[in-house]
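Asker: Structure supplied as model-v6.pdb; contents: PDB, C-alpha atoms.
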MODEL        1
ATOM      1  CA  VAL A   1      15.113 -38.490 -63.248  1.00  0.00           C
ATOM      2  CA  PRO A   2      17.141 -39.178 -66.399  1.00  0.00           C
ATOM      3  CA  ASN A   3      20.222 -41.328 -65.742  1.00  0.00           C
ATOM      4  CA  ASN A   4      22.638 -38.544 -66.661  1.00  0.00           C
ATOM      5  CA  GLN A   5      20.967 -36.308 -64.018  1.00  0.00           C
ATOM      6  CA  LEU A   6      20.974 -38.803 -61.096  1.00  0.00           C
ATOM      7  CA  TYR A   7      24.132 -37.526 -59.450  1.00  0.00           C
ATOM      8  CA  ALA A   8      22.943 -33.905 -59.705  1.00  0.00           C
ATOM      9  CA  ALA A   9      19.606 -34.925 -58.131  1.00  0.00           C
ATOM     10  CA  TYR A  10      21.476 -36.734 -55.337  1.00  0.00           C
ATOM     11  CA  LEU A  11      23.590 -33.636 -54.637  1.00  0.00           C
ATOM     12  CA  ALA A  12      20.501 -31.395 -54.649  1.00  0.00           C
ATOM     13  CA  LEU A  13      18.705 -33.677 -52.175  1.00  0.00           C
ATOM     14  CA  GLN A  14      21.742 -33.787 -49.892  1.00  0.00           C
ATOM     15  CA  ALA A  15      22.028 -29.982 -49.964  1.00  0.00           C
ATOM     16  CA  ALA A  16      18.304 -29.427 -49.330  1.00  0.00           C
ATOM     17  CA  GLY A  17      18.279 -31.958 -46.492  1.00  0.00           C
ATOM     18  CA  LYS A  18      21.394 -30.702 -44.723  1.00  0.00           C
ATOM     19  CA  ALA A  19      19.397 -28.242 -42.606  1.00  0.00           C
ATOM     20  CA  HIS A  20      17.143 -31.105 -41.542  1.00  0.00           C
ATOM     21  CA  GLY A  21      19.936 -33.490 -40.582  1.00  0.00           C
ATOM     22  CA  ILE A  22      19.591 -35.741 -43.624  1.00  0.00           C
ATOM     23  CA  HIS A  23      21.995 -38.655 -43.752  1.00  0.00           C
ATOM     24  CA  LEU A  24      22.454 -41.826 -45.747  1.00  0.00           C
ATOM     25  CA  PHE A  25      21.166 -45.212 -44.705  1.00  0.00           C
ATOM     26  CA  GLY A  26      21.289 -48.601 -46.335  1.00  0.00           C
ATOM     27  CA  ALA A  27      18.841 -51.052 -47.808  1.00  0.00           C
ATOM     28  CA  ARG A  28      19.353 -53.365 -44.831  1.00  0.00           C
ATOM     29  CA  ALA A  29      18.024 -50.609 -42.555  1.00  0.00           C
ATOM     30  CA  VAL A  30      14.896 -50.376 -44.706  1.00  0.00           C
ATOM     31  CA  GLU A  31      14.515 -54.177 -44.593  1.00  0.00           C
ATOM     32  CA  SER A  32      14.883 -54.153 -40.808  1.00  0.00           C
ATOM     33  CA  MET A  33      12.215 -51.469 -40.412  1.00  0.00           C
ATOM     34  CA  ARG A  34       9.884 -53.239 -42.863  1.00  0.00           C
ATOM     35  CA  LEU A  35      10.028 -56.479 -40.884  1.00  0.00           C
ATOM     36  CA  GLU A  36       9.575 -54.722 -37.537  1.00  0.00           C
ATOM     37  CA  LYS A  37       6.375 -53.124 -38.836  1.00  0.00           C
ATOM     38  CA  GLY A  38       5.142 -56.352 -40.437  1.00  0.00           C
ATOM     39  CA  TYR A  39       5.101 -54.852 -43.925  1.00  0.00           C
ATOM     40  CA  ARG A  40       5.110 -57.332 -46.791  1.00  0.00           C
ATOM     41  CA  HIS A  41       7.414 -57.529 -49.783  1.00  0.00           C
ATOM     42  CA  TRP A  42       6.031 -58.415 -53.211  1.00  0.00           C
ATOM     43  CA  LYS A  43       7.281 -61.787 -54.525  1.00  0.00           C
ATOM     44  CA  ALA A  44       8.678 -62.749 -51.120  1.00  0.00           C
ATOM     45  CA  ASP A  45       5.789 -62.431 -48.659  1.00  0.00           C
ATOM     46  CA  LEU A  46       3.060 -61.679 -51.190  1.00  0.00           C
ATOM     47  CA  ILE A  47       3.036 -64.494 -53.708  1.00  0.00           C
ATOM     48  CA  THR A  48       0.334 -65.924 -55.933  1.00  0.00           C
ATOM     49  CA  GLU A  49       0.919 -69.503 -54.728  1.00  0.00           C
ATOM     50  CA  PHE A  50      -1.108 -68.800 -51.584  1.00  0.00           C
ATOM     51  CA  ASN A  51      -4.621 -67.398 -51.334  1.00  0.00           C
ATOM     52  CA  PRO A  52      -5.484 -64.366 -49.164  1.00  0.00           C
ATOM     53  CA  PHE A  53      -6.572 -66.560 -46.240  1.00  0.00           C
ATOM     54  CA  GLU A  54      -3.301 -68.492 -46.210  1.00  0.00           C
ATOM     55  CA  SER A  55      -1.384 -65.218 -46.566  1.00  0.00           C
ATOM     56  CA  ASP A  56      -3.066 -63.610 -43.525  1.00  0.00           C
ATOM     57  CA  LEU A  57      -4.766 -61.071 -45.788  1.00  0.00           C
ATOM     58  CA  SER A  58      -8.392 -62.019 -45.156  1.00  0.00           C
ATOM     59  CA  ARG A  59      -9.093 -58.524 -43.794  1.00  0.00           C
ATOM     60  CA  PHE A  60      -8.881 -57.317 -47.412  1.00  0.00           C
ATOM     61  CA  VAL A  61     -11.395 -59.852 -48.781  1.00  0.00           C
ATOM     62  CA  LYS A  62     -15.123 -59.128 -48.585  1.00  0.00           C
ATOM     63  CA  MET A  63     -16.766 -62.494 -49.202  1.00  0.00           C
ATOM     64  CA  ASP A  64     -20.224 -60.885 -48.963  1.00  0.00           C
ATOM     65  CA  LYS A  65     -19.533 -59.048 -52.258  1.00  0.00           C
ATOM     66  CA  GLU A  66     -19.264 -60.348 -55.822  1.00  0.00           C
ATOM     67  CA  PHE A  67     -15.850 -60.385 -57.494  1.00  0.00           C
ATOM     68  CA  VAL A  68     -13.936 -62.303 -60.143  1.00  0.00           C
ATOM     69  CA  GLY A  69     -12.598 -65.529 -58.647  1.00  0.00           C
ATOM     70  CA  LYS A  70     -15.008 -65.617 -55.708  1.00  0.00           C
ATOM     71  CA  ALA A  71     -16.189 -69.187 -56.454  1.00  0.00           C
ATOM     72  CA  ALA A  72     -12.598 -70.440 -56.595  1.00  0.00           C
ATOM     73  CA  LEU A  73     -11.777 -68.673 -53.337  1.00  0.00           C
ATOM     74  CA  GLU A  74     -14.860 -70.185 -51.672  1.00  0.00           C
ATOM     75  CA  GLN A  75     -13.667 -73.630 -52.776  1.00  0.00           C
ATOM     76  CA  MET A  76     -10.214 -72.928 -51.349  1.00  0.00           C
ATOM     77  CA  GLN A  77     -11.822 -71.908 -48.051  1.00  0.00           C
ATOM     78  CA  ALA A  78     -13.870 -75.113 -48.003  1.00  0.00           C
ATOM     79  CA  ASN A  79     -10.712 -77.188 -48.558  1.00  0.00           C
ATOM     80  CA  GLY A  80      -8.918 -75.507 -45.636  1.00  0.00           C
ATOM     81  CA  ARG A  81      -5.621 -73.699 -45.467  1.00  0.00           C
ATOM     82  CA  ARG A  82      -2.558 -75.482 -46.762  1.00  0.00           C
ATOM     83  CA  GLN A  83      -0.228 -72.972 -45.089  1.00  0.00           C
ATOM     84  CA  LYS A  84      -0.458 -69.877 -42.920  1.00  0.00           C
ATOM     85  CA  PHE A  85       1.674 -66.756 -42.991  1.00  0.00           C
ATOM     86  CA  VAL A  86       3.261 -65.805 -39.663  1.00  0.00           C
ATOM     87  CA  THR A  87       5.785 -63.435 -38.173  1.00  0.00           C
ATOM     88  CA  MET A  88       8.215 -65.048 -35.777  1.00  0.00           C
ATOM     89  CA  THR A  89      11.255 -64.283 -33.695  1.00  0.00           C
ATOM     90  CA  ILE A  90      14.314 -66.521 -33.603  1.00  0.00           C
ATOM     91  CA  ASP A  91      16.505 -67.078 -30.549  1.00  0.00           C
ATOM     92  CA  CYS A  92      19.732 -66.295 -32.385  1.00  0.00           C
ATOM     93  CA  THR A  93      21.800 -63.107 -32.387  1.00  0.00           C
ATOM     94  CA  HIS A  94      24.753 -63.750 -34.706  1.00  0.00           C
ATOM     95  CA  ALA A  95      22.879 -63.926 -38.058  1.00  0.00           C
ATOM     96  CA  PRO A  96      19.375 -63.638 -39.482  1.00  0.00           C
ATOM     97  CA  ALA A  97      17.603 -66.537 -41.130  1.00  0.00           C
ATOM     98  CA  HIS A  98      17.815 -66.635 -44.897  1.00  0.00           C
ATOM     99  CA  PRO A  99      14.760 -66.590 -47.189  1.00  0.00           C
ATOM    100  CA  GLY A 100      14.157 -70.188 -48.175  1.00  0.00           C
ATOM    101  CA  ALA A 101      15.445 -71.554 -44.856  1.00  0.00           C
ATOM    102  CA  SER A 102      13.417 -74.308 -43.236  1.00  0.00           C
ATOM    103  CA  VAL A 103      11.108 -74.143 -40.247  1.00  0.00           C
ATOM    104  CA  VAL A 104      11.459 -77.496 -38.466  1.00  0.00           C
ATOM    105  CA  LYS A 105       9.398 -79.267 -35.809  1.00  0.00           C
ATOM    106  CA  GLY A 106      10.154 -82.763 -34.577  1.00  0.00           C
ATOM    107  CA  GLY A 107      12.682 -83.334 -37.344  1.00  0.00           C
ATOM    108  CA  LYS A 108      10.127 -82.499 -40.040  1.00  0.00           C
ATOM    109  CA  VAL A 109      10.107 -79.412 -42.278  1.00  0.00           C
ATOM    110  CA  VAL A 110       6.873 -77.556 -41.493  1.00  0.00           C
ATOM    111  CA  GLY A 111       7.485 -74.268 -43.267  1.00  0.00           C
ATOM    112  CA  THR A 112       9.746 -71.960 -45.232  1.00  0.00           C
ATOM    113  CA  ILE A 113      11.110 -68.519 -44.420  1.00  0.00           C
ATOM    114  CA  ALA A 114       9.922 -65.844 -46.854  1.00  0.00           C
ATOM    115  CA  SER A 115      11.768 -62.814 -45.392  1.00  0.00           C
ATOM    116  CA  ALA A 116      14.145 -62.347 -42.483  1.00  0.00           C
ATOM    117  CA  ASP A 117      16.549 -59.862 -40.923  1.00  0.00           C
ATOM    118  CA  TRP A 118      17.594 -58.371 -37.612  1.00  0.00           C
ATOM    119  CA  GLY A 119      15.118 -55.866 -36.097  1.00  0.00           C
ATOM    120  CA  HIS A 120      17.392 -53.158 -34.718  1.00  0.00           C
ATOM    121  CA  ARG A 121      14.673 -51.155 -32.961  1.00  0.00           C
ATOM    122  CA  VAL A 122      13.158 -54.213 -31.241  1.00  0.00           C
ATOM    123  CA  GLY A 123      16.444 -56.077 -30.753  1.00  0.00           C
ATOM    124  CA  LYS A 124      15.119 -59.325 -32.202  1.00  0.00           C
ATOM    125  CA  ASN A 125      15.863 -61.694 -35.050  1.00  0.00           C
ATOM    126  CA  ILE A 126      12.661 -61.503 -37.145  1.00  0.00           C
ATOM    127  CA  ALA A 127      11.368 -63.815 -39.839  1.00  0.00           C
ATOM    128  CA  MET A 128       8.179 -64.048 -41.878  1.00  0.00           C
ATOM    129  CA  ALA A 129       7.256 -67.523 -43.063  1.00  0.00           C
ATOM    130  CA  PHE A 130       4.654 -69.781 -44.596  1.00  0.00           C
ATOM    131  CA  VAL A 131       4.122 -72.669 -42.168  1.00  0.00           C
ATOM    132  CA  ASP A 132       1.755 -75.591 -41.579  1.00  0.00           C
ATOM    133  CA  PRO A 133      -1.569 -74.111 -40.431  1.00  0.00           C
ATOM    134  CA  ASP A 134      -1.549 -76.042 -37.136  1.00  0.00           C
ATOM    135  CA  LEU A 135       2.038 -75.136 -36.148  1.00  0.00           C
ATOM    136  CA  SER A 136       2.343 -74.341 -32.450  1.00  0.00           C
ATOM    137  CA  GLY A 137       4.594 -75.188 -29.536  1.00  0.00           C
ATOM    138  CA  ASP A 138       8.308 -75.784 -29.891  1.00  0.00           C
ATOM    139  CA  PHE A 139       9.892 -75.468 -33.331  1.00  0.00           C
ATOM    140  CA  SER A 140      13.124 -74.170 -34.807  1.00  0.00           C
ATOM    141  CA  VAL A 141      14.434 -72.202 -37.758  1.00  0.00           C
ATOM    142  CA  GLU A 142      17.667 -73.012 -39.518  1.00  0.00           C
ATOM    143  CA  VAL A 143      20.175 -70.178 -39.457  1.00  0.00           C
ATOM    144  CA  ILE A 144      23.308 -70.935 -41.462  1.00  0.00           C
ATOM    145  CA  GLY A 145      22.316 -74.611 -41.338  1.00  0.00           C
ATOM    146  CA  VAL A 146      21.928 -74.775 -37.538  1.00  0.00           C
ATOM    147  CA  PRO A 147      18.483 -75.001 -35.872  1.00  0.00           C
ATOM    148  CA  TYR A 148      17.585 -72.266 -33.372  1.00  0.00           C
ATOM    149  CA  PRO A 149      14.410 -72.048 -31.270  1.00  0.00           C
ATOM    150  CA  ALA A 150      11.744 -69.730 -32.664  1.00  0.00           C
ATOM    151  CA  LYS A 151       8.270 -68.607 -31.686  1.00  0.00           C
ATOM    152  CA  ILE A 152       5.315 -67.139 -33.531  1.00  0.00           C
ATOM    153  CA  SER A 153       4.653 -63.505 -32.628  1.00  0.00           C
ATOM    154  CA  ASP A 154       1.280 -62.311 -31.411  1.00  0.00           C
ATOM    155  CA  GLY A 155       0.942 -60.110 -34.483  1.00  0.00           C
ATOM    156  CA  PRO A 156       2.842 -59.046 -37.561  1.00  0.00           C
ATOM    157  CA  CYS A 157       3.955 -55.680 -36.151  1.00  0.00           C
ATOM    158  CA  LEU A 158       6.662 -55.866 -33.492  1.00  0.00           C
ATOM    159  CA  TYR A 159       7.479 -52.136 -33.478  1.00  0.00           C
ATOM    160  CA  ASP A 160       4.623 -49.725 -32.702  1.00  0.00           C
ATOM    161  CA  PRO A 161       1.867 -52.382 -33.065  1.00  0.00           C
ATOM    162  CA  ASP A 162      -0.863 -49.815 -32.289  1.00  0.00           C
ATOM    163  CA  MET A 163       0.365 -47.596 -35.160  1.00  0.00           C
ATOM    164  CA  ALA A 164       0.541 -44.642 -32.752  1.00  0.00           C
ATOM    165  CA  LEU A 165       3.641 -43.059 -34.318  1.00  0.00           C
ATOM    166  CA  PRO A 166       2.146 -42.319 -37.780  1.00  0.00           C
ATOM    167  CA  ARG A 167      -0.903 -40.813 -36.058  1.00  0.00           C
ATOM    168  CA  GLY A 168       1.158 -38.721 -33.611  1.00  0.00           C
TER     169      GLY A 168
ENDMDL
END
Could you rewrite the structure in this file as structure tokens?
Answerer:
Amino acid sequence: VPNNQLYAAYLALQAAGKAHGIHLFGARAVESMRLEKGYRHWKADLITEFNPFESDLSRFVKMDKEFVGKAALEQMQANGRRQKFVTMTIDCTHAPAHPGASVVKGGKVVGTIASADWGHRVGKNIAMAFVDPDLSGDFSVEVIGVPYPAKISDGPCLYDPDMALPRG
């Protein structure tokens, strides 16, 4: 849509959607829903510094096929993961973690938050992070400079993990 037509397009969409109960929502709502579903954001959760195995994307890599970069990826696999990508919940209700915040265990930084926000549908403080591959047990996430207990989720999707709603 040309810039000088944006407002007219907005008005047309509002008029067409009125019969269907259309209403406005904010970017934070979209971010909340994205995190609840475990969807990734380019240049936050999907970054070139980590290979697909460290980024929890191995399901998209077919090592039994030939592709550009396969030898390098095999070498990375042989060296072991430097980090792993996880979804976690934080025991804190007054503010979400901030991207770049530290994941701490035993006084040592063991990871970094990539994305975070409040999950309104699940009622949890959600964060996605790159952490040490052997992280388990008790650890915390800094929220506004204060450590709060956190735990790694069983999977990336906290809302509708079986994907039943899109199939319904």
Asker: Between A:Ile144, A:Leu135, A:Ala127, A:Ala12, which one has atoms that come closest to A:Glu36, using all atoms listed in the file?
Answerer: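 Selected residue with least distance to A:Glu36: A:Ala127.
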Asker: Taking 5 positions as the minimum chain separation for residues in the same chain, which residues sit within 8 Å of A:Ala150 when counting all atoms listed in the file? Answer as a PyMOL selection string.
Answerer: chain A and resi 88-91+138-141
Asker: Could you write out the selected residues, including C-alpha atoms, as an mmCIF file, in the frame of the given file?
Answerer:
data_model
loop_
_atom_site.group_PDB
_atom_site.id
_atom_site.type_symbol
_atom_site.label_atom_id
_atom_site.label_comp_id
_atom_site.auth_asym_id
_atom_site.auth_seq_id
_atom_site.Cartn_x
_atom_site.Cartn_y
_atom_site.Cartn_z
ATOM 1 C CA MET A 88 8.215 -65.048 -35.777
ATOM 2 C CA THR A 89 11.255 -64.283 -33.695
ATOM 3 C CA ILE A 90 14.314 -66.521 -33.603
ATOM 4 C CA ASP A 91 16.505 -67.078 -30.549
ATOM 5 C CA ASP A 138 8.308 -75.784 -29.891
ATOM 6 C CA PHE A 139 9.892 -75.468 -33.331
ATOM 7 C CA SER A 140 13.124 -74.170 -34.807
ATOM 8 C CA VAL A 141 14.434 -72.202 -37.758
#
Asker: May I ask which of the residues A:Pro52, A:Gly106, A:Pro156, A:Gly119 is the closest one to A:Gly137, counting only C-alpha atoms?
Answerer: A:Gly106
Asker: Counting only C-alpha atoms, what are the residues of stretch 116-161 of chain A within 10 Å of stretch 15-33 of chain A, and for each of them which pair of atoms is the nearest and at what distance in Å, to one decimal? Sort the table by chain and rising number, as a Markdown table.
Answerer:
| residue | atom | partner | partner_atom | distance |
| --- | --- | --- | --- | --- |
| A:Ala116 | CA | A:Ser32 | CA | 8.4 |
| A:Asp117 | CA | A:Ser32 | CA | 5.9 |
| A:Trp118 | CA | A:Ser32 | CA | 5.9 |
| A:Gly119 | CA | A:Ser32 | CA | 5.0 |
| A:His120 | CA | A:Ser32 | CA | 6.7 |
| A:Arg121 | CA | A:Met33 | CA | 7.9 |
| A:Val122 | CA | A:Met33 | CA | 9.6 |
| A:Asn125 | CA | A:Ser32 | CA | 9.5 |
| A:Ile126 | CA | A:Ser32 | CA | 8.5 |
| A:Leu158 | CA | A:Met33 | CA | 9.9 |
| A:Tyr159 | CA | A:Met33 | CA | 8.4 |
Asker: Could the residues in this selection be saved with C-alpha atoms as a short mmCIF file (atom, residue, chain, number, x, y, z; two decimals), keeping the file's coordinate frame?
Answerer:
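Output contents, as saved in again-v4.cif:
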data_model
loop_
_atom_site.label_atom_id
_atom_site.label_comp_id
_atom_site.auth_asym_id
_atom_site.auth_seq_id
_atom_site.Cartn_x
_atom_site.Cartn_y
_atom_site.Cartn_z
CA ALA A 116 14.14 -62.35 -42.48
CA ASP A 117 16.55 -59.86 -40.92
CA TRP A 118 17.59 -58.37 -37.61
CA GLY A 119 15.12 -55.87 -36.10
CA HIS A 120 17.39 -53.16 -34.72
CA ARG A 121 14.67 -51.16 -32.96
CA VAL A 122 13.16 -54.21 -31.24
CA ASN A 125 15.86 -61.69 -35.05
CA ILE A 126 12.66 -61.50 -37.15
CA LEU A 158 6.66 -55.87 -33.49
CA TYR A 159 7.48 -52.14 -33.48
#
Asker: What does the distance from atom CA of A:Ala78 to atom CA of A:Leu46 come to in Å, to one decimal?
Answerer: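 Distance between the two atoms: 21.8 Å.
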Asker: Measuring between all atoms listed in the file, which one of A:Val143, A:Cys157, A:Met63, A:Leu57 shows the shortest distance to A:Pro96?
Answerer: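 Among the listed residues, the smallest separation from A:Pro96 belongs to A:Val143.
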Asker: Kindly output stretch 129-140 of chain A as a short mmCIF file (atom, residue, chain, number, x, y, z; two decimals), in the coordinates of the input, after building all heavy atoms.
Answerer:
data_model
loop_
_atom_site.label_atom_id
_atom_site.label_comp_id
_atom_site.auth_asym_id
_atom_site.auth_seq_id
_atom_site.Cartn_x
_atom_site.Cartn_y
_atom_site.Cartn_z
N ALA A 129 7.20 -66.19 -42.46
CA ALA A 129 7.26 -67.52 -43.06
C ALA A 129 5.87 -68.05 -43.39
O ALA A 129 4.87 -67.62 -42.81
CB ALA A 129 7.94 -68.49 -42.10
N PHE A 130 5.84 -68.98 -44.32
CA PHE A 130 4.65 -69.78 -44.60
C PHE A 130 4.88 -71.11 -43.89
O PHE A 130 5.89 -71.78 -44.14
CB PHE A 130 4.46 -69.98 -46.10
CG PHE A 130 3.98 -68.75 -46.80
CD1 PHE A 130 4.88 -67.90 -47.41
CD2 PHE A 130 2.63 -68.43 -46.83
CE1 PHE A 130 4.44 -66.74 -48.06
CE2 PHE A 130 2.18 -67.29 -47.48
CZ PHE A 130 3.09 -66.44 -48.08
N VAL A 131 3.96 -71.46 -42.98
CA VAL A 131 4.12 -72.67 -42.17
C VAL A 131 2.84 -73.50 -42.19
O VAL A 131 1.78 -73.02 -42.61
CB VAL A 131 4.48 -72.32 -40.70
CG1 VAL A 131 5.80 -71.55 -40.63
CG2 VAL A 131 3.37 -71.53 -40.03
N ASP A 132 2.95 -74.75 -41.71
CA ASP A 132 1.76 -75.59 -41.58
C ASP A 132 0.73 -74.84 -40.74
O ASP A 132 1.08 -74.21 -39.74
CB ASP A 132 2.11 -76.92 -40.91
CG ASP A 132 2.87 -77.85 -41.83
OD1 ASP A 132 3.04 -77.53 -43.03
OD2 ASP A 132 3.31 -78.91 -41.35
N PRO A 133 -0.55 -74.90 -41.12
CA PRO A 133 -1.57 -74.11 -40.43
C PRO A 133 -1.75 -74.46 -38.95
O PRO A 133 -2.21 -73.63 -38.18
CB PRO A 133 -2.85 -74.38 -41.22
CG PRO A 133 -2.58 -75.55 -42.05
CD PRO A 133 -1.10 -75.67 -42.23
N ASP A 134 -1.37 -75.66 -38.54
CA ASP A 134 -1.55 -76.04 -37.14
C ASP A 134 -0.25 -75.93 -36.33
O ASP A 134 -0.19 -76.42 -35.20
CB ASP A 134 -2.10 -77.46 -37.05
CG ASP A 134 -1.20 -78.48 -37.74
OD1 ASP A 134 -0.28 -78.07 -38.48
OD2 ASP A 134 -1.43 -79.69 -37.55
N LEU A 135 0.77 -75.25 -36.86
CA LEU A 135 2.04 -75.14 -36.15
C LEU A 135 1.85 -74.38 -34.84
O LEU A 135 1.29 -73.29 -34.81
CB LEU A 135 3.08 -74.43 -37.01
CG LEU A 135 4.45 -74.22 -36.34
CD1 LEU A 135 5.11 -75.56 -36.04
CD2 LEU A 135 5.33 -73.36 -37.22
N SER A 136 2.34 -74.98 -33.77
CA SER A 136 2.34 -74.34 -32.45
C SER A 136 3.42 -75.03 -31.62
O SER A 136 4.05 -75.99 -32.06
CB SER A 136 0.98 -74.46 -31.77
OG SER A 136 0.67 -75.82 -31.55
N GLY A 137 3.62 -74.56 -30.42
CA GLY A 137 4.59 -75.19 -29.54
C GLY A 137 6.02 -74.96 -29.97
O GLY A 137 6.35 -73.96 -30.60
N ASP A 138 6.88 -75.91 -29.62
CA ASP A 138 8.31 -75.78 -29.89
C ASP A 138 8.63 -76.11 -31.35
O ASP A 138 8.20 -77.14 -31.86
CB ASP A 138 9.10 -76.73 -28.99
CG ASP A 138 8.98 -76.37 -27.51
OD1 ASP A 138 8.74 -75.18 -27.23
OD2 ASP A 138 9.12 -77.27 -26.67
N PHE A 139 9.39 -75.23 -31.98
CA PHE A 139 9.89 -75.47 -33.33
C PHE A 139 11.16 -74.65 -33.49
O PHE A 139 11.51 -73.84 -32.63
CB PHE A 139 8.85 -75.14 -34.40
CG PHE A 139 8.47 -73.69 -34.47
CD1 PHE A 139 9.10 -72.82 -35.35
CD2 PHE A 139 7.46 -73.19 -33.66
CE1 PHE A 139 8.75 -71.48 -35.41
CE2 PHE A 139 7.09 -71.85 -33.72
CZ PHE A 139 7.74 -71.00 -34.60
N SER A 140 11.87 -74.88 -34.58
CA SER A 140 13.12 -74.17 -34.81
C SER A 140 13.21 -73.67 -36.24
O SER A 140 12.46 -74.11 -37.11
CB SER A 140 14.32 -75.07 -34.49
OG SER A 140 14.33 -76.19 -35.36
#
